[in-house]
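**Q** Pasting model-v3.cif below, which is mmCIF, N, CA, C and O atoms.
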```cif
data_target
loop_
_atom_site.label_atom_id
_atom_site.label_comp_id
_atom_site.auth_asym_id
_atom_site.auth_seq_id
_atom_site.Cartn_x
_atom_site.Cartn_y
_atom_site.Cartn_z
N MET I 48 65.29 84.64 101.98
CA MET I 48 65.76 86.00 101.89
C MET I 48 66.87 86.09 100.86
O MET I 48 67.89 85.48 100.99
N SER I 49 66.65 86.88 99.87
CA SER I 49 67.59 87.02 98.77
C SER I 49 68.79 87.87 99.16
O SER I 49 68.66 88.82 99.93
N SER I 50 69.94 87.55 98.60
CA SER I 50 71.12 88.36 98.85
C SER I 50 71.05 89.66 98.07
O SER I 50 71.88 90.54 98.24
N ARG I 51 70.06 89.79 97.21
CA ARG I 51 69.90 91.01 96.43
C ARG I 51 69.07 92.06 97.15
O ARG I 51 68.97 93.18 96.70
N ARG I 52 68.48 91.71 98.25
CA ARG I 52 67.65 92.68 98.95
C ARG I 52 68.53 93.78 99.53
O ARG I 52 69.69 93.58 99.84
N SER I 53 67.98 94.96 99.67
CA SER I 53 68.71 96.06 100.28
C SER I 53 68.57 95.98 101.78
O SER I 53 67.52 95.60 102.29
N ARG I 54 69.63 96.30 102.46
CA ARG I 54 69.56 96.36 103.92
C ARG I 54 68.80 97.62 104.29
O ARG I 54 68.97 98.66 103.68
N GLN I 55 67.99 97.54 105.30
CA GLN I 55 67.18 98.67 105.73
C GLN I 55 67.62 99.12 107.12
O GLN I 55 67.84 98.31 108.00
N SER I 56 67.71 100.43 107.31
CA SER I 56 67.97 100.94 108.65
C SER I 56 66.64 101.08 109.36
O SER I 56 65.57 100.90 108.78
N SER I 57 66.68 101.43 110.61
CA SER I 57 65.44 101.54 111.38
C SER I 57 64.55 102.66 110.84
O SER I 57 63.35 102.64 111.04
N ALA I 58 65.14 103.62 110.15
CA ALA I 58 64.36 104.72 109.59
C ALA I 58 63.75 104.32 108.24
O ALA I 58 63.01 105.09 107.65
N GLY I 59 64.06 103.14 107.75
CA GLY I 59 63.51 102.68 106.49
C GLY I 59 64.24 103.21 105.27
O GLY I 59 63.75 103.08 104.16
N VAL I 60 65.40 103.80 105.46
CA VAL I 60 66.17 104.34 104.35
C VAL I 60 66.94 103.20 103.69
O VAL I 60 67.58 102.40 104.36
N SER I 61 66.88 103.12 102.38
CA SER I 61 67.57 102.07 101.64
C SER I 61 69.07 102.26 101.77
O SER I 61 69.58 103.36 101.62
N ARG I 62 69.76 101.16 102.03
CA ARG I 62 71.22 101.20 102.16
C ARG I 62 71.83 100.30 101.10
O ARG I 62 71.17 99.90 100.16
N ILE I 63 73.05 99.92 101.30
CA ILE I 63 73.79 99.13 100.32
C ILE I 63 73.29 97.69 100.31
O ILE I 63 72.97 97.12 101.34
N SER I 64 73.23 97.10 99.12
CA SER I 64 72.77 95.72 99.00
C SER I 64 73.92 94.74 99.23
O SER I 64 75.09 95.11 99.16
N ASP I 65 73.59 93.50 99.48
CA ASP I 65 74.60 92.46 99.68
C ASP I 65 75.46 92.32 98.42
O ASP I 65 76.68 92.12 98.52
N ASP I 66 74.83 92.41 97.24
CA ASP I 66 75.60 92.30 95.99
C ASP I 66 76.59 93.45 95.84
O ASP I 66 77.70 93.26 95.36
N GLN I 67 76.19 94.63 96.28
CA GLN I 67 77.10 95.78 96.22
C GLN I 67 78.28 95.58 97.16
O GLN I 67 79.40 95.95 96.83
N ILE I 68 78.02 95.00 98.32
CA ILE I 68 79.10 94.72 99.27
C ILE I 68 80.08 93.71 98.67
O ILE I 68 81.30 93.89 98.73
N ILE I 69 79.55 92.66 98.07
CA ILE I 69 80.39 91.64 97.44
C ILE I 69 81.23 92.26 96.33
O ILE I 69 82.43 91.99 96.20
N GLU I 70 80.62 93.12 95.52
CA GLU I 70 81.34 93.78 94.42
C GLU I 70 82.44 94.69 94.97
O GLU I 70 83.57 94.70 94.46
N LEU I 71 82.14 95.43 96.02
CA LEU I 71 83.14 96.31 96.63
C LEU I 71 84.32 95.52 97.16
O LEU I 71 85.47 95.86 96.91
N VAL I 72 84.06 94.46 97.90
CA VAL I 72 85.12 93.63 98.46
C VAL I 72 85.97 93.03 97.34
O VAL I 72 87.20 93.00 97.43
N SER I 73 85.33 92.62 96.28
CA SER I 73 86.05 92.06 95.14
C SER I 73 86.99 93.10 94.52
O SER I 73 88.15 92.81 94.21
N LYS I 74 86.49 94.30 94.35
CA LYS I 74 87.33 95.37 93.79
C LYS I 74 88.47 95.74 94.72
O LYS I 74 89.60 95.99 94.27
N LEU I 75 88.19 95.78 96.02
CA LEU I 75 89.24 96.09 96.99
C LEU I 75 90.33 95.03 96.98
O LEU I 75 91.51 95.36 97.10
N ARG I 76 89.94 93.78 96.84
CA ARG I 76 90.93 92.69 96.77
C ARG I 76 91.91 92.93 95.62
O ARG I 76 93.09 92.64 95.74
N GLN I 77 91.41 93.43 94.51
CA GLN I 77 92.26 93.67 93.34
C GLN I 77 93.17 94.88 93.53
O GLN I 77 94.25 94.93 92.96
N LEU I 78 92.74 95.85 94.33
CA LEU I 78 93.47 97.09 94.47
C LEU I 78 94.53 97.10 95.56
O LEU I 78 95.54 97.78 95.44
N LEU I 79 94.29 96.36 96.62
CA LEU I 79 95.19 96.42 97.77
C LEU I 79 96.47 95.62 97.54
O LEU I 79 96.41 94.43 97.26
N PRO I 80 97.61 96.28 97.69
CA PRO I 80 98.89 95.57 97.49
C PRO I 80 99.06 94.38 98.42
O PRO I 80 99.55 93.33 98.00
N GLU I 81 98.66 94.52 99.68
CA GLU I 81 98.82 93.44 100.65
C GLU I 81 97.99 92.21 100.28
O GLU I 81 98.40 91.09 100.51
N ILE I 82 96.84 92.42 99.73
CA ILE I 82 95.93 91.33 99.38
C ILE I 82 96.24 90.81 97.98
O ILE I 82 96.20 89.61 97.73
N ARG I 83 96.55 91.70 97.08
CA ARG I 83 96.78 91.34 95.67
C ARG I 83 97.91 90.32 95.54
O ARG I 83 97.88 89.45 94.67
N ASN I 84 98.90 90.38 96.42
CA ASN I 84 100.05 89.48 96.35
C ASN I 84 99.76 88.10 96.94
O ASN I 84 100.58 87.21 96.87
N ARG I 85 98.60 87.94 97.55
CA ARG I 85 98.20 86.65 98.11
C ARG I 85 97.09 86.06 97.24
O ARG I 85 96.58 86.71 96.34
N ARG I 86 96.68 84.86 97.55
CA ARG I 86 95.51 84.28 96.88
C ARG I 86 94.28 84.94 97.45
O ARG I 86 93.85 84.63 98.54
N SER I 87 93.72 85.90 96.72
CA SER I 87 92.64 86.74 97.25
C SER I 87 91.37 85.95 97.56
O SER I 87 90.56 86.38 98.37
N ASP I 88 91.17 84.79 96.94
CA ASP I 88 89.97 84.02 97.23
C ASP I 88 90.02 83.40 98.63
O ASP I 88 89.01 82.96 99.15
N LYS I 89 91.21 83.39 99.24
CA LYS I 89 91.35 82.82 100.58
C LYS I 89 91.25 83.87 101.68
O LYS I 89 91.32 83.56 102.84
N VAL I 90 91.10 85.16 101.31
CA VAL I 90 91.07 86.24 102.28
C VAL I 90 89.62 86.64 102.54
O VAL I 90 88.87 86.89 101.61
N SER I 91 89.25 86.71 103.81
CA SER I 91 87.87 87.03 104.17
C SER I 91 87.55 88.49 103.87
O SER I 91 88.44 89.34 103.79
N ALA I 92 86.27 88.79 103.74
CA ALA I 92 85.82 90.16 103.51
C ALA I 92 86.24 91.06 104.66
O ALA I 92 86.66 92.20 104.45
N SER I 93 86.18 90.54 105.87
CA SER I 93 86.59 91.31 107.04
C SER I 93 88.06 91.70 106.94
O SER I 93 88.43 92.84 107.24
N LYS I 94 88.89 90.76 106.54
CA LYS I 94 90.33 91.03 106.39
C LYS I 94 90.58 92.05 105.28
O LYS I 94 91.43 92.93 105.42
N VAL I 95 89.83 91.95 104.20
CA VAL I 95 89.97 92.91 103.10
C VAL I 95 89.63 94.31 103.58
O VAL I 95 90.35 95.27 103.31
N LEU I 96 88.54 94.44 104.34
CA LEU I 96 88.15 95.75 104.84
C LEU I 96 89.16 96.27 105.86
O LEU I 96 89.48 97.46 105.87
N GLN I 97 89.69 95.39 106.69
CA GLN I 97 90.71 95.79 107.65
C GLN I 97 91.97 96.28 106.92
O GLN I 97 92.54 97.31 107.27
N GLU I 98 92.40 95.55 105.92
CA GLU I 98 93.58 95.94 105.12
C GLU I 98 93.33 97.25 104.39
O GLU I 98 94.23 98.07 104.23
N THR I 99 92.09 97.45 103.92
CA THR I 99 91.75 98.70 103.25
C THR I 99 91.92 99.88 104.21
O THR I 99 92.51 100.90 103.85
N CYS I 100 91.40 99.73 105.42
CA CYS I 100 91.54 100.79 106.42
C CYS I 100 93.02 101.05 106.75
O CYS I 100 93.44 102.20 106.85
N ASN I 101 93.79 99.99 106.89
CA ASN I 101 95.22 100.14 107.16
C ASN I 101 95.92 100.86 106.02
O ASN I 101 96.77 101.73 106.25
N TYR I 102 95.57 100.51 104.80
CA TYR I 102 96.19 101.13 103.63
C TYR I 102 95.82 102.61 103.55
O TYR I 102 96.68 103.45 103.28
N ILE I 103 94.57 102.94 103.83
CA ILE I 103 94.14 104.34 103.81
C ILE I 103 94.88 105.13 104.89
O ILE I 103 95.34 106.26 104.64
N ARG I 104 95.02 104.55 106.09
CA ARG I 104 95.78 105.22 107.15
C ARG I 104 97.22 105.45 106.72
O ARG I 104 97.79 106.51 106.97
N SER I 105 97.81 104.47 106.07
CA SER I 105 99.18 104.59 105.59
C SER I 105 99.30 105.72 104.56
O SER I 105 100.24 106.52 104.61
N LEU I 106 98.34 105.79 103.66
CA LEU I 106 98.35 106.87 102.67
C LEU I 106 98.19 108.23 103.33
O LEU I 106 98.85 109.20 102.93
N HIS I 107 97.35 108.32 104.35
CA HIS I 107 97.17 109.57 105.08
C HIS I 107 98.48 110.00 105.73
O HIS I 107 98.84 111.19 105.69
N ARG I 108 99.19 109.05 106.33
CA ARG I 108 100.48 109.37 106.95
C ARG I 108 101.47 109.88 105.91
O ARG I 108 102.20 110.84 106.15
N GLU I 109 101.51 109.23 104.75
CA GLU I 109 102.41 109.68 103.69
C GLU I 109 102.08 111.10 103.23
O GLU I 109 102.97 111.92 103.03
N VAL I 110 100.79 111.38 103.08
CA VAL I 110 100.37 112.72 102.67
C VAL I 110 100.76 113.75 103.74
O VAL I 110 101.27 114.82 103.42
N ASP I 111 100.52 113.41 105.00
CA ASP I 111 100.90 114.31 106.10
C ASP I 111 102.40 114.57 106.11
O ASP I 111 102.84 115.71 106.27
N ASP I 112 103.19 113.51 105.92
CA ASP I 112 104.65 113.66 105.90
C ASP I 112 105.10 114.53 104.73
O ASP I 112 105.95 115.41 104.89
N LEU I 113 104.53 114.30 103.56
CA LEU I 113 104.90 115.10 102.39
C LEU I 113 104.49 116.56 102.57
O LEU I 113 105.23 117.47 102.21
N SER I 114 103.33 116.77 103.14
CA SER I 114 102.87 118.13 103.40
C SER I 114 103.81 118.85 104.36
O SER I 114 104.16 120.02 104.15
N GLU I 115 104.22 118.13 105.40
CA GLU I 115 105.17 118.71 106.36
C GLU I 115 106.49 119.04 105.69
O GLU I 115 107.05 120.12 105.91
N ARG I 116 107.00 118.15 104.87
CA ARG I 116 108.27 118.38 104.17
C ARG I 116 108.15 119.58 103.23
O ARG I 116 109.07 120.40 103.13
N LEU I 117 107.02 119.68 102.52
CA LEU I 117 106.81 120.82 101.62
C LEU I 117 106.72 122.13 102.41
O LEU I 117 107.26 123.16 101.99
N SER I 118 106.07 122.09 103.55
CA SER I 118 105.97 123.29 104.40
C SER I 118 107.34 123.73 104.89
O SER I 118 107.66 124.92 104.90
N GLN I 119 108.17 122.75 105.28
CA GLN I 119 109.52 123.08 105.72
C GLN I 119 110.35 123.66 104.57
O GLN I 119 111.09 124.62 104.77
N LEU I 120 110.20 123.09 103.40
CA LEU I 120 110.92 123.59 102.24
C LEU I 120 110.47 125.01 101.91
O LEU I 120 111.29 125.88 101.61
N LEU I 121 109.18 125.24 101.98
CA LEU I 121 108.62 126.56 101.69
C LEU I 121 109.17 127.60 102.67
O LEU I 121 109.43 128.74 102.29
N ALA I 122 109.40 127.19 103.90
CA ALA I 122 109.92 128.12 104.91
C ALA I 122 111.36 128.51 104.65
O ALA I 122 111.83 129.53 105.16
N THR I 123 112.06 127.72 103.83
CA THR I 123 113.49 127.99 103.60
C THR I 123 113.77 128.73 102.29
O THR I 123 114.92 129.05 102.02
N ILE I 124 112.74 128.99 101.49
CA ILE I 124 112.97 129.68 100.22
C ILE I 124 112.23 131.00 100.18
O ILE I 124 111.35 131.27 101.00
N ASP I 125 112.59 131.84 99.22
CA ASP I 125 111.96 133.15 99.05
C ASP I 125 110.48 132.97 98.75
O ASP I 125 110.09 132.24 97.83
N ALA I 126 109.63 133.62 99.55
CA ALA I 126 108.18 133.46 99.45
C ALA I 126 107.62 133.90 98.10
O ALA I 126 106.55 133.45 97.70
N ASP I 127 108.33 134.77 97.39
CA ASP I 127 107.84 135.28 96.10
C ASP I 127 108.42 134.54 94.90
O ASP I 127 108.14 134.90 93.75
N SER I 128 109.20 133.51 95.13
CA SER I 128 109.85 132.80 94.03
C SER I 128 108.89 131.85 93.33
O SER I 128 107.82 131.50 93.85
N ALA I 129 109.27 131.43 92.14
CA ALA I 129 108.47 130.46 91.37
C ALA I 129 108.40 129.13 92.11
O ALA I 129 107.35 128.47 92.10
N GLU I 130 109.49 128.75 92.77
CA GLU I 130 109.50 127.49 93.54
C GLU I 130 108.47 127.54 94.67
O GLU I 130 107.75 126.57 94.93
N ALA I 131 108.39 128.69 95.34
CA ALA I 131 107.43 128.84 96.43
C ALA I 131 105.99 128.73 95.91
O ALA I 131 105.14 128.11 96.54
N ALA I 132 105.74 129.29 94.74
CA ALA I 132 104.40 129.21 94.15
C ALA I 132 104.04 127.76 93.82
O ALA I 132 102.90 127.33 94.05
N ILE I 133 105.00 127.02 93.31
CA ILE I 133 104.77 125.59 93.00
C ILE I 133 104.47 124.82 94.28
O ILE I 133 103.52 124.02 94.34
N ILE I 134 105.26 125.05 95.31
CA ILE I 134 105.06 124.34 96.58
C ILE I 134 103.70 124.70 97.18
O ILE I 134 102.97 123.82 97.63
N ARG I 135 103.35 125.99 97.15
CA ARG I 135 102.03 126.39 97.68
C ARG I 135 100.91 125.70 96.92
O ARG I 135 99.93 125.27 97.50
N SER I 136 101.06 125.58 95.60
CA SER I 136 100.00 124.91 94.81
C SER I 136 99.90 123.43 95.17
O SER I 136 98.81 122.86 95.12
N LEU I 137 101.01 122.79 95.53
CA LEU I 137 100.99 121.39 95.93
C LEU I 137 100.34 121.20 97.30
O LEU I 137 99.66 120.21 97.54
N ILE I 138 100.55 122.15 98.18
CA ILE I 138 100.00 122.06 99.53
C ILE I 138 98.51 122.33 99.54
O ILE I 138 97.76 121.71 100.28
N MET I 139 98.06 123.24 98.71
CA MET I 139 96.63 123.63 98.73
C MET I 139 95.79 122.60 98.07
O MET I 139 95.70 121.94 97.31
#
```
Would you mind writing the file's structure down as structure tokens?
**A**
Amino acid sequence: MSSRRSRQSSAGVSRISDDQIIELVSKLRQLLPEIRNRRSDKVSASKVLQETCNYIRSLHREVDDLSERLSQLLATIDADSAEAAIIRSLIM
């Protein structure tokens, strides 16, 4: 069985190939700060995917925090001001 074969679901729909998974994990290793600072060849694919999920959650929290801060700032300034328009454009 070749690693180039596509994985099949029970419905017979073509899914991601093993080579595509390897390429994705390799790219994620290069992008993730937690992994990039270590010897990435020693980190398992499972750990890379786990770190990716953790990093995405962290980014979501940062976005939520910034959105909340912008909303609070918007509540304290004149709704028709240029600053309010800028903040609204950042939130939307």
**Q** What's the separation between CA of Arg108 in chain I and CA of Met139 in chain I, in Å to one decimal place?
**A**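 Between these atoms lies a distance of 16.9 Å.
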**Q** So which residues of chain I fall under strand (DSSP E or B) by DSSP, listed as a ChimeraX atom specification?
**A** /I:53-55,61-64
**Q** Find the distance between CA of Asp112 in chain I and atom C of Glu98 in chain I and write it in Å to one decimal.
**A**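 A separation of 20.0 Å between them.
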**Q** Please provide the set of residues having any atom within 12 Å of Glu81 in chain I, restricted to only C-alpha atoms, with same-chain residues fewer than 3 positions apart removed, written as a list in words.
**A**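 Returned residues: Leu75, Arg76, Gln77, Leu78, Asn84, Arg85, Arg86, Ser87, Val90, Lys94, Val95, Leu96, Gln97, Glu98, Thr99, Cys100, Asn101 and Tyr102 of chain I.
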**Q** Dump N, CA, C and O atoms for the selected residues as a CSV table (one decimal), keeping the file's coordinate frame?
**A**
```csv
chain,number,residue,atom,x,y,z
I,75,LEU,N,88.2,95.8,96.0
I,75,LEU,CA,89.2,96.1,97.0
I,75,LEU,C,90.3,95.0,97.0
I,75,LEU,O,91.5,95.4,97.1
I,76,ARG,N,89.9,93.8,96.8
I,76,ARG,CA,90.9,92.7,96.8
I,76,ARG,C,91.9,92.9,95.6
I,76,ARG,O,93.1,92.6,95.7
I,77,GLN,N,91.4,93.4,94.5
I,77,GLN,CA,92.3,93.7,93.3
I,77,GLN,C,93.2,94.9,93.5
I,77,GLN,O,94.2,94.9,93.0
I,78,LEU,N,92.7,95.8,94.3
I,78,LEU,CA,93.5,97.1,94.5
I,78,LEU,C,94.5,97.1,95.6
I,78,LEU,O,95.5,97.8,95.4
I,84,ASN,N,98.9,90.4,96.4
I,84,ASN,CA,100.0,89.5,96.4
I,84,ASN,C,99.8,88.1,96.9
I,84,ASN,O,100.6,87.2,96.9
I,85,ARG,N,98.6,87.9,97.6
I,85,ARG,CA,98.2,86.6,98.1
I,85,ARG,C,97.1,86.1,97.2
I,85,ARG,O,96.6,86.7,96.3
I,86,ARG,N,96.7,84.9,97.6
I,86,ARG,CA,95.5,84.3,96.9
I,86,ARG,C,94.3,84.9,97.4
I,86,ARG,O,93.8,84.6,98.5
I,87,SER,N,93.7,85.9,96.7
I,87,SER,CA,92.6,86.7,97.2
I,87,SER,C,91.4,86.0,97.6
I,87,SER,O,90.6,86.4,98.4
I,90,VAL,N,91.1,85.2,101.3
I,90,VAL,CA,91.1,86.2,102.3
I,90,VAL,C,89.6,86.6,102.5
I,90,VAL,O,88.9,86.9,101.6
I,94,LYS,N,88.9,90.8,106.5
I,94,LYS,CA,90.3,91.0,106.4
I,94,LYS,C,90.6,92.0,105.3
I,94,LYS,O,91.4,92.9,105.4
I,95,VAL,N,89.8,92.0,104.2
I,95,VAL,CA,90.0,92.9,103.1
I,95,VAL,C,89.6,94.3,103.6
I,95,VAL,O,90.4,95.3,103.3
I,96,LEU,N,88.5,94.4,104.3
I,96,LEU,CA,88.2,95.8,104.8
I,96,LEU,C,89.2,96.3,105.9
I,96,LEU,O,89.5,97.5,105.9
I,97,GLN,N,89.7,95.4,106.7
I,97,GLN,CA,90.7,95.8,107.6
I,97,GLN,C,92.0,96.3,106.9
I,97,GLN,O,92.5,97.3,107.3
I,98,GLU,N,92.4,95.6,105.9
I,98,GLU,CA,93.6,95.9,105.1
I,98,GLU,C,93.3,97.2,104.4
I,98,GLU,O,94.2,98.1,104.2
I,99,THR,N,92.1,97.4,103.9
I,99,THR,CA,91.8,98.7,103.2
I,99,THR,C,91.9,99.9,104.2
I,99,THR,O,92.5,100.9,103.8
I,100,CYS,N,91.4,99.7,105.4
I,100,CYS,CA,91.5,100.8,106.4
I,100,CYS,C,93.0,101.0,106.8
I,100,CYS,O,93.4,102.2,106.8
I,101,ASN,N,93.8,100.0,106.9
I,101,ASN,CA,95.2,100.1,107.2
I,101,ASN,C,95.9,100.9,106.0
I,101,ASN,O,96.8,101.7,106.2
I,102,TYR,N,95.6,100.5,104.8
I,102,TYR,CA,96.2,101.1,103.6
I,102,TYR,C,95.8,102.6,103.6
I,102,TYR,O,96.7,103.4,103.3
```
**Q** List the residues matched by the PyMOL selection byres (((chain I and resi 113-123 and name CA) around 10) and name CA) in the displayed structure as a list in words, ordered by chain and then by residue number.
**A**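 On the file shown, the PyMOL selection byres (((chain I and resi 113-123 and name CA) around 10) and name CA) covers His107, Arg108, Glu109, Val110, Asp111, Asp112, Ile124, Asp125, Ala126, Ser128, Glu130, Ala131, Ala132, Ile133, Ile134, Arg135, Leu137, Ile138 and Met139 of chain I.
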**Q** Can you work out the spacing between atom N of Leu71 in chain I and atom C of Arg104 in chain I in Å, to one decimal?
**A**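 Interatomic distance, atom N of Leu71 in chain I to atom C of Arg104 in chain I: 21.0 Å.
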**Q** Enumerate as a list in words all residues of range 105-136 of chain I assigned to helix (DSSP H, G or I) by DSSP on the backbone, naming them with the chain letters and numbers the document uses.
**A** Ser105, Leu106, His107, Arg108, Glu109, Val110, Asp111, Asp112, Leu113, Ser114, Glu115, Arg116, Leu117, Ser118, Gln119, Leu120, Leu121, Ala122, Thr123, Ala129, Glu130, Ala131, Ala132, Ile133, Ile134, Arg135 and Ser136 of chain I
**Q** Which residue gives the smallest distance to Ala92 in chain I among I:Ser136, I:Ser73, I:Ser64, I:Ser105, with all atoms listed in the file counted?
**A** I:Ser73
